[in-house]
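K.L.:
Please find one structure pasted underneath; my questions will follow.
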Amino acid sequence: MSGPDDSDLPGGWDAAAAEYVLGLLPEDEVRVFEARLAQDRELRQDVQAWEEYFATLTDPVPEVAPPPQVLRRVEAALFGRARKPLWQQVMPYLLGAVAAAAIAWAAVFSGLLSLDTEPHLYAELQSGERGLELLAHWAPDSETFMVRRDAGDLPAERSLEIWLIPGPEAAPISLGLIVEDQLTSIPVPDEIAALMPGATVAISEEPSGGSPTGAPTGPILDTGQLAER
Amino acid sequence: MTSPQAEIEDLIARIAMGDRAAFRLLYERTSAKLFGVCLRVLDDRALAEEALQDVFMKIWHRAGQYRVNGFSPMTWLITLARNAAVDRRRRRDAGGRAAGAPIDAADLVADPAPGPAQQVQARSEAQALADCMAELPGDRAEMVRRAYLEGVTYAELASSTGTKLNTVRTWLRRSLLQLRECLSR
């Protein structure tokens with residue numbers, strides 16, 4: 001194992017602790033350092049002390065009030081939809097009449113009056129340890145299963161796999177892997193689409209590239225039942 | 001009487017239990033300082049707003065991991081803000097490519113047991129750091145300051161000083177050791 005102790009650089013773990021707090025430690029050394037940190041209490045206290053000292057560098061930084069939309073966005077992301085302004089609450093009613101007329105017009109001219117639209121389904125998934133915040137979303141009209149990552153980072157060199165568990169006795173069906181982008185979007189074949197209502201979504205941590213067996217092998221980070229909002 | 005420090009600790013403890021009113025209060029008390037820190041690192045309002053959002057998302061999810069340890073709870077919050085802003089800055093500078101290790105992990109370090117060092121309350125960390133930074137050669141102190149406040153990397157420090165990366169790293173590690181030695185006097 002290579003660590004700061006083995007390199008030609010001066011300072012060993014003591015200097016590495018400061019580099020770690022400054023964010024200067026190269027990625028491979030971060031992993032070695034963190035492994036050591038987990039077992040070395042003095043090193044943890046060193047890191048804490050550097051955090052405390054360096055944080056004082058922000059003492060002269062002036063306070064700036066952030067614009068109000070930041071709190072709105074945070075609360076909307078954490079607690080669901082933010083309260084809309086009054087005119088937005090009223091608008092749907094005003095527009096309702098117009099929309100109804102438009103739909104009737106469209107139905108007449110297209111000859112396709114289909115009212116059996118299936119509801120969109122959602123499940124919120126979290127993993128406290130990683131700070132992961134995911135929103136699973138089943139869009140039946142486009143037969144697309146989406147997972148939006150609202151917070152947290154993906155594990156390095158591991159994959160997060162999405163599973164659908166159609167019922168208490170059913171085996172998990174792999175839907176795919178969570179991608180680096182904020183939104184993972186997976187087209188779903190008809191036979192799996194039919195299983196969505198009431199199914200449970202699970203996220204597991206797997207070796208890079210996904211479960212080698214076709215069933216979850218790693219820890220399950222969270223599960224959630226798909227439901228309407 | 002409740003000190004501001006105890007109040008923030010109390011708010012964080014309530015947030016850990018899912019108290020949304022406490023979350024909003026903490027936002028009111030600390031967001032201007034934390035936004036200032038994000039702006040200092042990023043020098044870009046839109047990105048600083050995004051970083052601040054990251055910070056408060058993390059505060060909500062990680063409040064349970066915060067441990068009262070004798071250090072200021074503001075240190076925890078400032079570290080979260082500084083690291084979130086540096087992550088955004090490095091992602092921007094890398095043109096959207098992943099740029100090295102996210103330094104977010106350093107936020108998680110929290111030792112629940114206060115050691116003897118933390119119990120020495122009366123000393124002013126800010127003054128101690130300023131005094132010890134003043135003992136470093138000026139350009140080295142500036143490197144430390146830029147690394148913390150701007151999130152500059154060794155590669156950037158090397159190219160701005162026209163030196164090899166390992167040379168800069170050797171200088172800086174020596175300076176950090178000197179700083180550590182001075183701070184523990």
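Residues are named by chain letter and number: chains run A, B, ... in the order of the structure tokens, numbers start at 1 in each chain, and ligands are numbered from 1 in the order shown.
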With a distance cut-off of 7 Å and only C-alpha atoms, select the neighbouring residues of region 65-76 of chain A, excluding the residue or stretch itself and same-chain residues fewer than 2 positions from it, and output the selection as a list in words.

P.N.:
Glu63, Leu78, Phe79, Gly80, Arg81 and Ala82 of chain A; Ser31, Ala32, Phe35, Glu49, Gln53, Phe56 and Met57 of chain B

K.L.:
Go ahead and dump the residues you just picked, C-alpha atoms, as a short mmCIF file (atom, residue, chain, number, x, y, z; two decimals), in the first residue's frame.

P.N.:
data_model
loop_
_atom_site.label_atom_id
_atom_site.label_comp_id
_atom_site.auth_asym_id
_atom_site.auth_seq_id
_atom_site.Cartn_x
_atom_site.Cartn_y
_atom_site.Cartn_z
CA GLU A 63 -21.73 38.38 4.42
CA LEU A 78 -36.32 18.73 0.11
CA PHE A 79 -39.95 19.00 1.08
CA GLY A 80 -41.81 18.86 -2.21
CA ARG A 81 -43.46 21.56 -4.17
CA ALA A 82 -42.99 25.10 -2.96
CA SER B 31 -27.02 31.77 4.78
CA ALA B 32 -25.49 35.24 4.33
CA PHE B 35 -23.23 32.64 0.57
CA GLU B 49 -26.34 30.15 -5.59
CA GLN B 53 -28.26 25.07 -2.50
CA PHE B 56 -28.29 23.41 2.61
CA MET B 57 -29.29 20.11 1.02
#

K.L.:
Using only C-alpha atoms, which protein or nucleic acid residues come within 9 Å of Arg89 (chain B)? Drop anything in the same chain fewer than 2 positions from it, and give the result as a ChimeraX atom specification.

P.N.:
/B:41-42,47,84-87,91-94,150-151

K.L.:
Could you write out the selected residues, including C-alpha atoms, as a PDB file, in the first residue's frame?

P.N.:
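Below is the file that was written, result25.pdb:
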ATOM      1  CA  VAL B  41     -14.536  30.850  -3.831  1.00  0.00           C
ATOM      2  CA  LEU B  42     -16.512  30.983  -7.063  1.00  0.00           C
ATOM      3  CA  LEU B  47     -22.732  29.213  -9.394  1.00  0.00           C
ATOM      4  CA  ALA B  84     -19.295  22.642  -2.053  1.00  0.00           C
ATOM      5  CA  ALA B  85     -18.066  25.823  -3.720  1.00  0.00           C
ATOM      6  CA  VAL B  86     -14.647  24.333  -4.510  1.00  0.00           C
ATOM      7  CA  ASP B  87     -16.331  21.274  -6.042  1.00  0.00           C
ATOM      8  CA  ARG B  91     -16.230  21.146 -12.203  1.00  0.00           C
ATOM      9  CA  ARG B  92     -16.551  24.479 -14.030  1.00  0.00           C
ATOM     10  CA  ASP B  93     -12.813  24.716 -14.664  1.00  0.00           C
ATOM     11  CA  ALA B  94     -12.772  21.151 -15.959  1.00  0.00           C
ATOM     12  CA  GLU B 150     -10.129  29.699  -4.145  1.00  0.00           C
ATOM     13  CA  GLY B 151      -9.705  25.954  -4.256  1.00  0.00           C
TER      14      GLY B 151
END

K.L.:
For CA of Glu206 (chain A) and CA of Ser174 (chain A), quote the distance in Å rounded to one decimal.

P.N.:
11.8 Å

K.L.:
Tell me which of A:Glu228, A:Asp14, A:Glu124, A:Glu118 sits closest to Val201 (chain A), counting only C-alpha atoms.

P.N.:
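Of A:Glu228, A:Asp14, A:Glu124, A:Glu118, the one nearest Val201 (chain A), counting only C-alpha atoms, is A:Glu124.
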
K.L.:
Please find the residues of chain A near chain B - the criterion being any atom within 7 Å, counting only C-alpha atoms - and write them as an NGL selection string.

P.N.:
:A and (9-11 or 14-15 or 18 or 21-24 or 27 or 44 or 51-53 or 55-56 or 58 or 61-66 or 70 or 74 or 128 or 131)

K.L.:
Could the residues in this selection be written to a file with N, CA and C atoms, as a CSV table (one decimal), in the first residue's frame?

P.N.:
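File produced: result-v3.csv:
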chain,number,residue,atom,x,y,z
A,9,LEU,N,8.1,12.8,-0.6
A,9,LEU,CA,7.7,14.2,-0.1
A,9,LEU,C,7.9,14.3,1.4
A,10,PRO,N,8.2,15.5,1.8
A,10,PRO,CA,8.3,15.7,3.3
A,10,PRO,C,6.9,15.8,3.9
A,11,GLY,N,6.9,15.4,5.2
A,11,GLY,CA,5.8,15.8,6.0
A,11,GLY,C,4.9,14.6,6.4
A,14,ASP,N,1.2,14.1,8.7
A,14,ASP,CA,0.9,15.4,9.2
A,14,ASP,C,0.6,16.4,8.1
A,15,ALA,N,1.5,16.4,7.1
A,15,ALA,CA,1.3,17.3,6.0
A,15,ALA,C,0.0,16.9,5.2
A,18,ALA,N,-3.3,18.3,6.4
A,18,ALA,CA,-3.6,19.7,5.9
A,18,ALA,C,-3.9,19.7,4.4
A,21,VAL,N,-7.6,18.6,4.0
A,21,VAL,CA,-8.5,19.7,4.3
A,21,VAL,C,-8.5,20.8,3.2
A,22,LEU,N,-7.4,21.0,2.7
A,22,LEU,CA,-7.3,22.1,1.6
A,22,LEU,C,-7.8,21.5,0.3
A,23,GLY,N,-8.0,20.2,0.2
A,23,GLY,CA,-8.5,19.6,-1.1
A,23,GLY,C,-7.3,19.5,-2.1
A,24,LEU,N,-6.1,19.4,-1.6
A,24,LEU,CA,-4.9,19.3,-2.5
A,24,LEU,C,-4.5,17.9,-2.7
A,27,GLU,N,-6.4,12.2,-5.9
A,27,GLU,CA,-7.5,11.3,-5.7
A,27,GLU,C,-7.0,9.9,-5.1
A,44,ARG,N,-7.6,12.1,12.9
A,44,ARG,CA,-9.0,12.8,12.8
A,44,ARG,C,-8.9,14.1,13.6
A,51,GLU,N,-9.4,22.1,9.9
A,51,GLU,CA,-10.6,22.6,9.5
A,51,GLU,C,-11.0,23.9,10.3
A,52,GLU,N,-10.7,23.8,11.6
A,52,GLU,CA,-11.0,24.9,12.5
A,52,GLU,C,-10.1,26.1,12.2
A,53,TYR,N,-8.9,25.8,12.0
A,53,TYR,CA,-7.9,27.0,11.7
A,53,TYR,C,-8.2,27.6,10.3
A,55,ALA,N,-10.9,27.5,8.5
A,55,ALA,CA,-12.2,28.2,8.4
A,55,ALA,C,-12.1,29.6,8.9
A,56,THR,N,-11.1,29.9,9.7
A,56,THR,CA,-11.0,31.3,10.2
A,56,THR,C,-10.5,32.2,9.0
A,58,THR,N,-12.0,32.6,6.5
A,58,THR,CA,-13.2,33.2,5.9
A,58,THR,C,-13.7,34.3,6.8
A,61,VAL,N,-14.3,37.5,5.1
A,61,VAL,CA,-15.2,37.4,3.9
A,61,VAL,C,-16.6,38.0,4.3
A,62,PRO,N,-17.0,39.0,3.5
A,62,PRO,CA,-18.2,39.7,3.9
A,62,PRO,C,-19.5,38.9,3.7
A,63,GLU,N,-20.5,39.1,4.6
A,63,GLU,CA,-21.7,38.4,4.4
A,63,GLU,C,-22.5,39.0,3.2
A,64,VAL,N,-23.2,38.1,2.5
A,64,VAL,CA,-24.0,38.6,1.4
A,64,VAL,C,-25.3,37.8,1.4
A,65,ALA,N,-26.4,38.6,1.5
A,65,ALA,CA,-27.7,37.9,1.6
A,65,ALA,C,-28.0,37.2,0.3
A,66,PRO,N,-28.3,35.9,0.3
A,66,PRO,CA,-28.6,35.2,-1.0
A,66,PRO,C,-30.0,35.6,-1.5
A,70,VAL,N,-33.1,30.9,-3.6
A,70,VAL,CA,-32.3,29.8,-3.2
A,70,VAL,C,-33.0,29.0,-2.1
A,74,VAL,N,-34.3,25.1,-2.4
A,74,VAL,CA,-33.9,24.1,-1.4
A,74,VAL,C,-35.1,23.4,-0.8
A,128,GLY,N,-28.6,7.9,3.5
A,128,GLY,CA,-28.0,8.9,4.4
A,128,GLY,C,-26.5,8.9,4.3
A,131,GLY,N,-25.5,10.7,1.4
A,131,GLY,CA,-26.2,12.0,1.1
A,131,GLY,C,-27.0,11.9,-0.2

K.L.:
Tell me which protein, DNA and RNA residues are within 7 Å of region 224-226 of chain A, counting only C-alpha atoms, leaving out same-chain ones fewer than 2 positions away, and put them as a ChimeraX atom specification.

P.N.:
/A:121-125,197-202,222

K.L.:
Neighbours of Thr217 (chain A) within 9 Å (only C-alpha atoms; same-chain residues fewer than 4 positions away dropped), as a PyMOL selection string?

P.N.:
chain A and resi 204-207+211-213

K.L.:
Quick one: write out the picked residues with C-alpha atoms as a PDB file, in the first residue's frame?

P.N.:
ATOM      1  CA  SER A 204     -28.368  -1.443  -4.673  1.00  0.00           C
ATOM      2  CA  GLU A 205     -24.657  -0.850  -4.800  1.00  0.00           C
ATOM      3  CA  GLU A 206     -22.991  -3.255  -7.228  1.00  0.00           C
ATOM      4  CA  PRO A 207     -19.609  -3.843  -8.789  1.00  0.00           C
ATOM      5  CA  SER A 211     -24.733  -7.029 -10.697  1.00  0.00           C
ATOM      6  CA  PRO A 212     -22.846  -9.957 -12.265  1.00  0.00           C
ATOM      7  CA  THR A 213     -25.626 -12.397 -11.301  1.00  0.00           C
TER       8      THR A 213
END

K.L.:
Could you find all residues in region 4-183 of chain B that DSSP calls alpha helix (DSSP H) from the backbone, and write them as a VMD selection string?

P.N.:
chain B and resid 4 to 16 20 to 42 45 to 62 73 to 93 116 to 119 125 to 134 138 to 150 154 to 161 165 to 183

K.L.:
Pick the closest to Ala194 (chain A) from A:Pro119, A:Pro166, A:Pro60, A:Gly152: which is it, counting only C-alpha atoms?

P.N.:
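Smallest separation from Ala194 (chain A) among the options: A:Pro166.
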
K.L.:
One decimal, in Å: what's the spacing between CA of Phe145 (chain A) and CA of Ile186 (chain A)?

P.N.:
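That distance, rounded to one decimal, is 5.0 Å.
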
K.L.:
Rank A:Asp40, A:Glu161, A:Glu19, A:Asp141 by their smallest atom-to-atom distance to Gly209 (chain A), using only C-alpha atoms, and report the top residue only.

P.N.:
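Going through A:Asp40, A:Glu161, A:Glu19, A:Asp141 one by one, the smallest distance to Gly209 (chain A) is for A:Glu161.
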
K.L.:
Residues at most 10 Å from Arg29 (chain B), counting only C-alpha atoms, excluding those fewer than 6 positions away in the same chain, as a ChimeraX atom specification?

P.N.:
/B:4,7-8,23
